[in-house]
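Colleague: A single structure is presented below for examination.
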Protein chains: 4
Amino acid sequence: MDEAKRARHFASDNNSGICPEVWAALAEANTGHVSGYGDDPWNEKAKQLVRDLFETDCKVFFVYNGTAANSLAIASMCDSYQSVIAFDYAHVVTDECNAPGFFAPGVKMHPISGVNGKLLPDVIDRAARSRRDVHASMSRVVGTVYTPDELAGISKAARDAGLYVHMDGARFANAVATLGVKPREISWEMGVDVLSLGGTKNGLAGGEAVVFFNENLPQNFSYRCKQSGQLASKMRFLAAQWIGLLRDGAWLRNAKNANGAAALLETQLRGVPGVRILYPRQANAVFVDMPRRVLDGLHERGWHFYTDVGPGGARLMCSWDSTADDVAAFVRDVVDLSK
Amino acid sequence: MDEAKRARHFASDNNSGICPEVWAALAEANTGHVSGYGDDPWNEKAKQLVRDLFETDCKVFFVYNGTAANSLAIASMCDSYQSVIAFDYAHVVTDECNAPGFFAPGVKMHPISGVNGKLLPDVIDRAARSRRDVHASMSRVVGTVYTPDELAGISKAARDAGLYVHMDGARFANAVATLGVKPREISWEMGVDVLSLGGTKNGLAGGEAVVFFNENLPQNFSYRCKQSGQLASKMRFLAAQWIGLLRDGAWLRNAKNANGAAALLETQLRGVPGVRILYPRQANAVFVDMPRRVLDGLHERGWHFYTDVGPGGARLMCSWDSTADDVAAFVRDVVDLSK
Amino acid sequence: MDEAKRARHFASDNNSGICPEVWAALAEANTGHVSGYGDDPWNEKAKQLVRDLFETDCKVFFVYNGTAANSLAIASMCDSYQSVIAFDYAHVVTDECNAPGFFAPGVKMHPISGVNGKLLPDVIDRAARSRRDVHASMSRVVGTVYTPDELAGISKAARDAGLYVHMDGARFANAVATLGVKPREISWEMGVDVLSLGGTKNGLAGGEAVVFFNENLPQNFSYRCKQSGQLASKMRFLAAQWIGLLRDGAWLRNAKNANGAAALLETQLRGVPGVRILYPRQANAVFVDMPRRVLDGLHERGWHFYTDVGPGGARLMCSWDSTADDVAAFVRDVVDLSK
Amino acid sequence: MDEAKRARHFASDNNSGICPEVWAALAEANTGHVSGYGDDPWNEKAKQLVRDLFETDCKVFFVYNGTAANSLAIASMCDSYQSVIAFDYAHVVTDECNAPGFFAPGVKMHPISGVNGKLLPDVIDRAARSRRDVHASMSRVVGTVYTPDELAGISKAARDAGLYVHMDGARFANAVATLGVKPREISWEMGVDVLSLGGTKNGLAGGEAVVFFNENLPQNFSYRCKQSGQLASKMRFLAAQWIGLLRDGAWLRNAKNANGAAALLETQLRGVPGVRILYPRQANAVFVDMPRRVLDGLHERGWHFYTDVGPGGARLMCSWDSTADDVAAFVRDVVDLSK
């Protein structure tokens with residue numbers, strides 16, 4: 001494959017475009033006039049599809065992106081003097097320019113170290129026990145991701161400590177695909193109160209859904225969306241994308257494709273001398289160590305990917321549109337440069 | 001025209017869809033991988049087109065909607081103890097669920113009465129003179145709209161009082177079309193420091209641009225966008241829409257079409273007995289009084305439009321896609337119901 | 001009385017010092033070590049005295065000043081997208097540099113015109129009915145003052161509309177003294193949910209109490225106090241002042257003295273040619289019109305008072321320490337200058 | 001000494017009362033009427049005394065407590081998307097219920113590990129270098145305490161990285177006394193831009209001063225004080241306390257007394273078998289390890305002190321009013337219980 005024609009990379013699944021099913025749904029929605037601000041049939045349909053996906057009567061709100069989804073979910077659960085316990089390397093802690101503290105002024109992210117990047121139930125116990133009257137923020141929410149084996153323990157500890165459980169599901173579909181479970185099995189059945197359901201990395205032009213499973217949550221969430229600039233007047237174009245993604249299973253196909261490409265990449269890279277797989281593959285991401293000259297050579301040949309994951313390491317992300325040819329071309333260059 | 005086939009209404013220009021030029025640009029942008037968060041050629045191109053539009057080296061930021069555009073612009077100019085002088089019926093005062101106070105905590109909207117809905121220069125003088133040390137918020141910004149004859153006076157008064165001028169340009173293109181001026185003639189040349197440039201009502205799926213003309217503004221605005229959930233990872237799909245709108249003049253054609261349909265509507269309604277035009281047509285809006293039974297009849301026949309603009313009055317908004325046939329069909333029903 | 005010896009003025013009751021009973025209580029409290037942050041016998045005692053004062057089991061929190069008392073009370077009742085209906089000339093609207101919007105980011109003060117400075121029940125009805133989905137802030141609280149004849153009507157309207165009632169009681173003691181009622185008769189018995197109980201103008205060095213009568217209010221208020229910088233480490237010195245004020249009735253004596261001085265002032269000024277009482281005396285305030293040269297002359301003779309209450313008008317405030325001699329000296333100067 | 005008569009403890013220097021010099025100044029200020037909100041001779045005098053103390057023309061603002069002093073200082077330097085680098089165990093990080101995020105919504109405390117509780121210059125370098133566009137908060141301020149040997153290095157690193165330096169000086173006087181330096185030598189001469197100058201622990205009833213040495217700081221700080229509920233109407237009673245503390249050196253005498261008592265305590269405890277001094281004495285604090293039964297016995301005998309500083313450890317704080325008799329009585333009980 002010639003570099004000039006290289007269409008896809010391994011930098012991030014958010015570098016990809018809109019998948020065909022979503023594009024078609026957008027086209028369908030682009031006809032005539034409908035009422036603004038979500039009071040339209042596309043939103044009704046899309047919300048029903050999310051409820052169908054989770055097989056429960058959850059409340060669904062479409063927002064523009066993950067920053068907003070996570071931060072609004074947190075704001076809906078926390079008063080200003082409360083805090084969110086999260087991994088110290090969680091995206092919402094490190095990569096959101098403290099959006100939670102902006103959407104929920106005064107609310108503190110409380111980063112906790114884990115073992116192998118996993119938040120352990122006993123740290124939640126400890127955080128709850130360590131409440132020191134008014135001098136420290138009051139724990140209110142535990143933020144987590146989809147590690148189903150730990151999820152039950154975390155949810156139980158959270159429940160025991162009177163905390164809500166929020167899941168950042170930017171790559172929820174990839175998790176479902178990897179684990180071979182049903183969406184409900186790693187969400188509300190495991191005690192998740194609210195989920196930020198990712199769409200952008202799964203084939204949308206852009207958009208996430210905030211999904212509340214806890215029936216006591218939230219209060220007046222649509223006001224929060226409006227006030228924070230997350231309510232579109234032409235809301236149908238957010239909703240329609242979800243219809244395209246969900247109505248005939250594109251969400252899972254896309255996730256499986258991304259995961260499959262990553263599995264292929266891992267397998268093929270394992271055979272290359274000097275290349276070392278750093279961690280077990282996580283859904284659609286492969287973390288790999290290669291000699292500096294190989295990494296530099298790949299960049300010189302026009303491949304995009306990130307190397308800020310440790311000394312010598314690279315993160316290779318596959319996407320809904322990654323192809324076996326993409327993988328083959330990349331591995332060919334790795335082999336070539338490793339000689 | 002049969003009701004079942006009725007595609008367009010007169011409720012709001014945000015009830016319309018995506019115009020063909022914007023759709024085409026979205027399709028062009030939906031190819032392969034590009035870097036996320038705005039570091040892509042589509043953003044570069046779109047920002048250049050905005051600069052070309054205003055014939056100056058302004059700073060351009062694309063955000064999701066007008067709530068965010070107005071509120072972020074205000075946040076970038078105000079400290080917590082400052083205030084924004086605005087019409088008491090300005091959209092940002094009445095219709096944003098106090099988004100400015102959310103994006104800029106502590107900042108106060110300071111609504112001022114005007115004459116015929118117009119903010120007069122001397123009230124700005126007075127507001128500046130009335131500063132009472134620390135007990136009232138310090139005036140910092142004047143919010144205004146595109147009424148060019150008053151704009152110069154307002155800007156001068158603002159400048160004299162040390163205030164910034166922010167223009168809410170949700171329908172900036174319609175104003176340009178109505179007034180037959182160049183964009184610069186009702187923006188930076190008239191002392192506007194920052195403009196919320198509307199795209200949604202002008203044919204986008206959704207999106208506005210915050211345009212800073214004052215070279216001292218803003219500081220680190222991209223951080224504000226990120227933190228407030230207004231930075232898309234697939235930013236190209238916001239930018240591409242602007243390319244479609246601006247590159248060959250669709251923005252002005254769309255606005256002229258909307259204004260022209262409103263002019264047609266006004267003209268044709270003037271001839272109907274019992275119908276009274278309430279105010280001079282403003283760009284693409286016609287405010288009209290009709291007997292209650294006519295209004296009710298129109299709603300029964302499936303026409304969407306708002307009647308909350310005073311006793312008996314209706315607001316009829318035309319859009320980029322309003323047609324002469326739409327107008328004719330509507331007027332026909334008015335005539336029929338007025339018999 | 002010689003100007004150099006003039007100790008008291010009529011500018012504001014917050015220009016006065018600490019009353020003897022409060023001073024004595026401070027001295028008593030200044031002995032040895034006690035636990036910080038309110039966990040001490042002085043706080044226990046002071047809170048009990050407030051409960052005794054209102055003859056109910058209210059929750060009591062001492063804060064530094066009225067800005068904080070009002071704003072924290074509002075913050076405890078409102079989410080970011082909600083609003084507080086208040087007089088358009090209420091202190092909390094005009095004189096707090098938008099502190100409510102700082103303590104409760106996003107919350108909007110919704111100023112309403114009244115008749116003769118009084119908020120009418122039907123405007124509350126109307127505000128509640130005018131809710132327009134998410135585009136305007138959701139009404140949540142009605143702010144009011146102690147006008148008992150209207151209070152019942154306001155509280156009922158608020159209750160019917162699902163709103164809380166907050167009373168700004170900066171001069172609560174003066175109101176009680178003027179009306180000859182018991183504290184409960186113009187607070188919880190009239191439907192007040194939370195009261196900012198003023199102490200500073202009543203003889204304290206500084207301090208107000210937030211008193212919650214509604215048993216569902218508030219949640220975790222002590223956290224709000226801490227986070228907002230309203231929790232003193234040497235909290236006993238806030239509490240002790242209240243003990244001094246309340247334990248033997250100084251609060252009411254002080255208020256009666258201020259009101260009495262104002263009554264005397266009003267009576268004596270009525271007899272002076274060219275002097276006109278503008279409004280009926282309100283507790284310890286007299287609003288009076290005099291010729292400009294008289295006003296100027298008084299200022300030249302060293303009297304402090306405010307004249308920004310309309311053309312020619314002056315506001316004369318009496319205090320807990322105002323004396324008949326002070327009144328006589330002032331009136332003498334008015335008479336002399338009016339010749 | 002009989003327990004019933006025990007007046008002073010070793011729990012915290014904020015458990016002490018008002019020192020005689022401050023009490024006398026309060027009494028002097030409690031005479032007649034003066035203008036409110038700080039426009040009075042007491043504030044003028046007190047601010048001059050602070051300027052004299054630091055031998056420079058700094059800007060001085062009196063606030064109620066340290067929570068507010070630190071948080072307002074941070075708010076005056078940071079926009080919402082910025083952050084404050086601080087020790088991970090700094091008071092402002094751990095003990096303020098995230099007050100900085102309340103006073104400055106969106107602003108993030110960025111806790112950094114140090115060596116022996118000291119922030120090293122190179123971590124500031126690293127924090128500045130690690131800026132990752134808009135996805136992480138932008139570093140803006142370094143928070144530090146008075147460790148003069150490191151202070152120069154920290155300030156230089158901060159300056160090189162374009163950061164401000166804020167010093168939390170809750171026990172500034174104790175540091176000056178311990179180090180035997182002049183106030184300027186551990187503040188502006190070492191590059192400190194703004195200091196929270198503690199008064200409460202130094203003998204005031206309550207109050208701290210925010211002292212800006214950087215002439216470009218702050219903008220409109222008095223508005224921030226007002227809006228955040230830190231402006232007293234009877235401001236003279238905050239200012240007068242500082243006059244009492246500063247005019248004849250009580251601040252340094254008080255600090256020396258506290259430090260001296262701690263030194264005495266350390267010396268006398270060193271001789272007791274089974275007692276171990278944990279860290280070198282820091283100003284007026286002694287950290288000590290004793291057998292659990294001794295600690296329990298001391299508590300049973302009515303001594304107040306904290307033991308949450310590690311296994312077996314106790315923190316013993318001396319105060320401006322600690323006496324040699326207090327120390328002797330405590331040590332006697334330790335000896336007795338250690339038998």
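Starting from 1 in every chain, residues are counted up; chains themselves are A, B, ... following the order of the structure tokens, and ligands are numbered from 1 as listed.
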Per residue of chain D within 6 Å of chain C, what are the shortest atom pair and its distance in Å to one decimal, counting only C-alpha atoms, with rows by chain and residue number, as JSON lines?
Modeller:
```
{"residue": "D:Ala7", "atom": "CA", "partner": "C:Gly32", "partner_atom": "CA", "distance": 4.5}
{"residue": "D:Arg8", "atom": "CA", "partner": "C:His33", "partner_atom": "CA", "distance": 4.9}
{"residue": "D:Asn15", "atom": "CA", "partner": "C:His33", "partner_atom": "CA", "distance": 4.9}
{"residue": "D:Ser16", "atom": "CA", "partner": "C:His33", "partner_atom": "CA", "distance": 4.7}
{"residue": "D:Gly17", "atom": "CA", "partner": "C:Asn30", "partner_atom": "CA", "distance": 5.3}
{"residue": "D:Asn30", "atom": "CA", "partner": "C:Gly17", "partner_atom": "CA", "distance": 5.3}
{"residue": "D:Gly32", "atom": "CA", "partner": "C:Ala7", "partner_atom": "CA", "distance": 4.5}
{"residue": "D:His33", "atom": "CA", "partner": "C:Ser16", "partner_atom": "CA", "distance": 4.7}
{"residue": "D:Val34", "atom": "CA", "partner": "C:Asn15", "partner_atom": "CA", "distance": 5.1}
{"residue": "D:Ser35", "atom": "CA", "partner": "C:Asn15", "partner_atom": "CA", "distance": 5.4}
{"residue": "D:Gly36", "atom": "CA", "partner": "C:Asn15", "partner_atom": "CA", "distance": 5.6}
{"residue": "D:Thr67", "atom": "CA", "partner": "C:Gly229", "partner_atom": "CA", "distance": 5.2}
{"residue": "D:Ala68", "atom": "CA", "partner": "C:Gly229", "partner_atom": "CA", "distance": 4.9}
{"residue": "D:Cys97", "atom": "CA", "partner": "C:Gln227", "partner_atom": "CA", "distance": 5.3}
{"residue": "D:Ala99", "atom": "CA", "partner": "C:Gln227", "partner_atom": "CA", "distance": 4.6}
{"residue": "D:Gln227", "atom": "CA", "partner": "C:Ala99", "partner_atom": "CA", "distance": 4.6}
{"residue": "D:Gly229", "atom": "CA", "partner": "C:Ala68", "partner_atom": "CA", "distance": 4.9}
```
Colleague: Can you tell me, as a list in words, what residues are no more than 7 Å from C:His110 when counting only C-alpha atoms, ignoring any on the same chain fewer than 4 positions away?
Modeller: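 Counting only C-alpha atoms, the residues come to Ser83, Val84, Ile85 and Ala86 of chain C.
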Colleague: How would the residues just chosen look if you wrote them out with N, CA, C and O atoms as a compact mmCIF listing (two decimals), in the first residue's frame?
Modeller:
```
# COMPACT_ATOMS: atom_id res chain seq x y z
N SER C 83 -34.00 28.75 39.91
CA SER C 83 -33.97 30.20 40.11
C SER C 83 -34.71 30.60 41.38
O SER C 83 -35.48 29.83 41.95
N VAL C 84 -34.42 31.80 41.79
CA VAL C 84 -35.01 32.39 42.99
C VAL C 84 -35.82 33.62 42.59
O VAL C 84 -35.27 34.58 42.04
N ILE C 85 -37.09 33.56 42.85
CA ILE C 85 -37.96 34.70 42.59
C ILE C 85 -37.80 35.69 43.74
O ILE C 85 -37.93 35.31 44.90
N ALA C 86 -37.52 36.93 43.41
CA ALA C 86 -37.33 37.93 44.47
C ALA C 86 -37.77 39.29 43.97
O ALA C 86 -37.89 39.53 42.77
```
Colleague: Write out as a list in words the residues lying within 9 Å of A:Pro291, counting only C-alpha atoms and excluding same-chain residues fewer than 6 positions away.
Modeller: Gly274, Val275, Gly312, Gly313 and Ser338 of chain A
Colleague: Save the residues we just selected, N, CA, C and O atoms, as a PDB file, in the first residue's frame?
Modeller:
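result.pdb was written with the following content:
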```
ATOM      1  N   GLY A 274      12.137  -8.712  18.156  1.00  0.00           N
ATOM      2  CA  GLY A 274      12.367  -7.373  18.702  1.00  0.00           C
ATOM      3  C   GLY A 274      11.101  -6.669  19.114  1.00  0.00           C
ATOM      4  O   GLY A 274      11.141  -5.588  19.708  1.00  0.00           O
ATOM      5  N   VAL A 275       9.992  -7.266  18.775  1.00  0.00           N
ATOM      6  CA  VAL A 275       8.716  -6.664  19.145  1.00  0.00           C
ATOM      7  C   VAL A 275       8.153  -7.418  20.345  1.00  0.00           C
ATOM      8  O   VAL A 275       8.177  -8.645  20.376  1.00  0.00           O
ATOM      9  N   GLY A 312       9.613   3.425  25.015  1.00  0.00           N
ATOM     10  CA  GLY A 312       9.669   2.488  23.893  1.00  0.00           C
ATOM     11  C   GLY A 312       8.325   1.956  23.481  1.00  0.00           C
ATOM     12  O   GLY A 312       8.169   1.348  22.430  1.00  0.00           O
ATOM     13  N   GLY A 313       7.312   2.166  24.295  1.00  0.00           N
ATOM     14  CA  GLY A 313       6.022   1.567  24.025  1.00  0.00           C
ATOM     15  C   GLY A 313       5.170   2.352  23.047  1.00  0.00           C
ATOM     16  O   GLY A 313       5.312   3.562  22.915  1.00  0.00           O
ATOM     17  N   SER A 338      12.459  -3.744  11.116  1.00  0.00           N
ATOM     18  CA  SER A 338      13.111  -4.510  12.178  1.00  0.00           C
ATOM     19  C   SER A 338      14.318  -5.295  11.655  1.00  0.00           C
ATOM     20  O   SER A 338      15.069  -5.877  12.443  1.00  0.00           O
TER      21      SER A 338
END
```
Colleague: DSSP on the backbone, alpha helix (DSSP H) only: what residues of stretch 100-339 of chain B does that give? Format it as a PyMOL selection string.
Modeller: chain B and resi 100-103+121-129+148-160+172-179+221-227+236-246+250-270+292-300+324-338
Colleague: Got time to write the residues from that selection, C-alpha atoms, as a tab-separated table (two decimals), in the first residue's frame?
Modeller:
```
chain	number	residue	atom	x	y	z
B	100	PRO	CA	-23.94	32.25	31.07
B	101	GLY	CA	-24.11	31.87	34.86
B	102	PHE	CA	-23.21	28.21	34.44
B	103	PHE	CA	-20.29	28.67	32.05
B	121	PRO	CA	-26.24	54.11	24.30
B	122	ASP	CA	-27.15	56.23	27.29
B	123	VAL	CA	-28.24	53.24	29.34
B	124	ILE	CA	-24.73	51.91	28.91
B	125	ASP	CA	-23.37	55.20	30.17
B	126	ARG	CA	-25.71	54.99	33.10
B	127	ALA	CA	-24.85	51.40	33.90
B	128	ALA	CA	-21.17	52.29	33.90
B	129	ARG	CA	-21.73	55.32	36.11
B	148	PRO	CA	-26.51	48.54	12.48
B	149	ASP	CA	-27.94	51.99	12.88
B	150	GLU	CA	-27.71	51.71	16.64
B	151	LEU	CA	-24.64	49.49	16.68
B	152	ALA	CA	-22.16	52.30	16.24
B	153	GLY	CA	-23.65	54.23	19.12
B	154	ILE	CA	-23.72	51.21	21.37
B	155	SER	CA	-20.15	50.30	20.56
B	156	LYS	CA	-18.95	53.80	21.22
B	157	ALA	CA	-20.73	53.98	24.56
B	158	ALA	CA	-19.34	50.56	25.45
B	159	ARG	CA	-15.82	51.55	24.50
B	160	ASP	CA	-16.10	54.76	26.50
B	172	PHE	CA	-26.18	36.95	11.33
B	173	ALA	CA	-26.51	35.82	7.71
B	174	ASN	CA	-30.15	36.91	7.60
B	175	ALA	CA	-29.13	40.32	8.91
B	176	VAL	CA	-26.43	40.66	6.28
B	177	ALA	CA	-28.93	39.69	3.58
B	178	THR	CA	-31.59	42.08	4.84
B	179	LEU	CA	-29.29	45.01	5.22
B	221	PHE	CA	-10.09	29.71	24.52
B	222	SER	CA	-9.50	26.19	23.30
B	223	TYR	CA	-9.08	25.11	26.93
B	224	ARG	CA	-12.48	26.60	27.70
B	225	CYS	CA	-14.01	24.67	24.80
B	226	LYS	CA	-12.45	21.43	25.96
B	227	GLN	CA	-13.38	21.85	29.62
B	236	ARG	CA	-13.75	17.63	11.21
B	237	PHE	CA	-17.50	17.08	11.05
B	238	LEU	CA	-18.16	20.43	12.67
B	239	ALA	CA	-15.65	22.19	10.46
B	240	ALA	CA	-16.69	20.55	7.22
B	241	GLN	CA	-20.20	21.89	7.57
B	242	TRP	CA	-18.82	25.43	7.59
B	243	ILE	CA	-16.82	24.70	4.48
B	244	GLY	CA	-20.01	23.64	2.76
B	245	LEU	CA	-21.81	26.71	3.95
B	246	LEU	CA	-19.15	29.27	3.12
B	250	ALA	CA	-24.60	28.98	0.38
B	251	TRP	CA	-24.73	30.99	3.64
B	252	LEU	CA	-25.97	34.07	1.81
B	253	ARG	CA	-28.22	32.19	-0.63
B	254	ASN	CA	-29.81	30.38	2.30
B	255	ALA	CA	-30.38	33.61	4.18
B	256	LYS	CA	-31.77	35.37	1.11
B	257	ASN	CA	-34.13	32.51	0.49
B	258	ALA	CA	-35.43	32.65	4.06
B	259	ASN	CA	-35.78	36.41	3.97
B	260	GLY	CA	-37.40	36.29	0.55
B	261	ALA	CA	-39.97	33.74	1.66
B	262	ALA	CA	-40.78	35.94	4.65
B	263	ALA	CA	-41.19	38.96	2.38
B	264	LEU	CA	-43.49	36.95	0.14
B	265	LEU	CA	-45.47	35.78	3.12
B	266	GLU	CA	-45.83	39.30	4.46
B	267	THR	CA	-46.93	40.64	1.10
B	268	GLN	CA	-49.49	37.95	0.53
B	269	LEU	CA	-50.87	38.09	4.07
B	270	ARG	CA	-51.31	41.86	3.89
B	292	ARG	CA	-58.24	33.16	17.05
B	293	ARG	CA	-60.37	30.87	14.91
B	294	VAL	CA	-58.00	31.33	11.98
B	295	LEU	CA	-54.98	30.52	14.15
B	296	ASP	CA	-56.71	27.49	15.56
B	297	GLY	CA	-57.79	26.40	12.13
B	298	LEU	CA	-54.26	26.60	10.82
B	299	HIS	CA	-53.00	24.46	13.68
B	300	GLU	CA	-55.79	22.00	13.02
B	324	ALA	CA	-42.95	29.85	-2.67
B	325	ASP	CA	-45.25	26.84	-2.68
B	326	ASP	CA	-45.06	26.61	1.12
B	327	VAL	CA	-46.01	30.26	1.38
B	328	ALA	CA	-48.81	29.89	-1.12
B	329	ALA	CA	-50.23	26.86	0.65
B	330	PHE	CA	-50.16	28.61	4.00
B	331	VAL	CA	-51.75	31.81	2.70
B	332	ARG	CA	-54.38	29.77	0.91
B	333	ASP	CA	-55.34	28.22	4.24
B	334	VAL	CA	-55.40	31.62	5.92
B	335	VAL	CA	-57.68	32.97	3.23
B	336	ASP	CA	-59.88	29.92	3.39
B	337	LEU	CA	-60.17	30.07	7.18
B	338	SER	CA	-60.78	33.82	7.16
```
Colleague: Have a look at atom CA of A:Phe213 and atom CA of A:Asp39 and let me know their distance in Å, one decimal.
Modeller: 22.0 Å
Colleague: How many Å lie between atom CA of D:Met138 and atom CA of B:Ile74, rounded to one decimal?
Modeller: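 We find that atom CA of D:Met138 and atom CA of B:Ile74 lie 20.2 Å from each other.
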Colleague: Can you tell me which residues surround B:Ala209 at a distance of at most 7 Å, considering only C-alpha atoms, apart from same-chain residues fewer than 4 positions away, and format the answer as a list in words?
Modeller: Val60, Phe61, Phe62, Val63, Ala69, Ser196, Leu197 and Gly198 of chain B
Colleague: Residues as selected, N, CA, C and O atoms, written as a PDB file, in the first residue's frame, can you do that?
Modeller:
```pdb
ATOM      1  N   VAL B  60     -11.059  32.062  15.269  1.00  0.00           N
ATOM      2  CA  VAL B  60     -12.311  31.340  15.031  1.00  0.00           C
ATOM      3  C   VAL B  60     -12.317  30.019  15.802  1.00  0.00           C
ATOM      4  O   VAL B  60     -11.342  29.264  15.744  1.00  0.00           O
ATOM      5  N   PHE B  61     -13.400  29.760  16.506  1.00  0.00           N
ATOM      6  CA  PHE B  61     -13.571  28.499  17.238  1.00  0.00           C
ATOM      7  C   PHE B  61     -14.948  27.928  16.926  1.00  0.00           C
ATOM      8  O   PHE B  61     -15.950  28.642  17.038  1.00  0.00           O
ATOM      9  N   PHE B  62     -14.988  26.675  16.556  1.00  0.00           N
ATOM     10  CA  PHE B  62     -16.275  26.030  16.259  1.00  0.00           C
ATOM     11  C   PHE B  62     -16.802  25.317  17.499  1.00  0.00           C
ATOM     12  O   PHE B  62     -16.072  24.548  18.135  1.00  0.00           O
ATOM     13  N   VAL B  63     -18.040  25.588  17.829  1.00  0.00           N
ATOM     14  CA  VAL B  63     -18.673  24.901  18.955  1.00  0.00           C
ATOM     15  C   VAL B  63     -19.993  24.304  18.485  1.00  0.00           C
ATOM     16  O   VAL B  63     -20.438  24.546  17.365  1.00  0.00           O
ATOM     17  N   ALA B  69     -21.823  28.971  22.399  1.00  0.00           N
ATOM     18  CA  ALA B  69     -21.088  30.070  21.762  1.00  0.00           C
ATOM     19  C   ALA B  69     -21.224  31.347  22.584  1.00  0.00           C
ATOM     20  O   ALA B  69     -20.236  32.007  22.917  1.00  0.00           O
ATOM     21  N   SER B 196     -20.935  35.660  18.110  1.00  0.00           N
ATOM     22  CA  SER B 196     -21.401  34.277  18.014  1.00  0.00           C
ATOM     23  C   SER B 196     -22.053  34.146  16.644  1.00  0.00           C
ATOM     24  O   SER B 196     -23.143  34.665  16.418  1.00  0.00           O
ATOM     25  N   LEU B 197     -21.363  33.475  15.751  1.00  0.00           N
ATOM     26  CA  LEU B 197     -21.826  33.376  14.368  1.00  0.00           C
ATOM     27  C   LEU B 197     -22.670  32.125  14.195  1.00  0.00           C
ATOM     28  O   LEU B 197     -22.170  31.005  14.341  1.00  0.00           O
ATOM     29  N   GLY B 198     -23.929  32.335  13.890  1.00  0.00           N
ATOM     30  CA  GLY B 198     -24.864  31.218  13.810  1.00  0.00           C
ATOM     31  C   GLY B 198     -24.732  30.419  12.532  1.00  0.00           C
ATOM     32  O   GLY B 198     -24.621  30.995  11.444  1.00  0.00           O
TER      33      GLY B 198
END
```
Colleague: By how many Å are atom CA of A:Ala24 and atom CA of A:Arg247 apart?
Modeller: 11.8 Å
Colleague: From the list C:Asp52, C:Pro111, C:Val142, C:Asn284, which residue is nearest C:Cys318 when using only C-alpha atoms?
Modeller: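 Checking each of C:Asp52, C:Pro111, C:Val142, C:Asn284 against C:Cys318, counting only C-alpha atoms, the winner is C:Asn284.
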Colleague: From the options A:Gly114, A:Gly249, A:Gly38, A:Gly191, which residue's atoms come nearest to A:Phe212, counting only C-alpha atoms?
Modeller: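 Closest residue, counting only C-alpha atoms: A:Gly191.
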Colleague: As a ChimeraX atom specification, which residues of stretch 90-221 of chain D does DSSP assign to strand (DSSP E)?
Modeller: /D:108-112,138-144,164-169,194-198,208-212
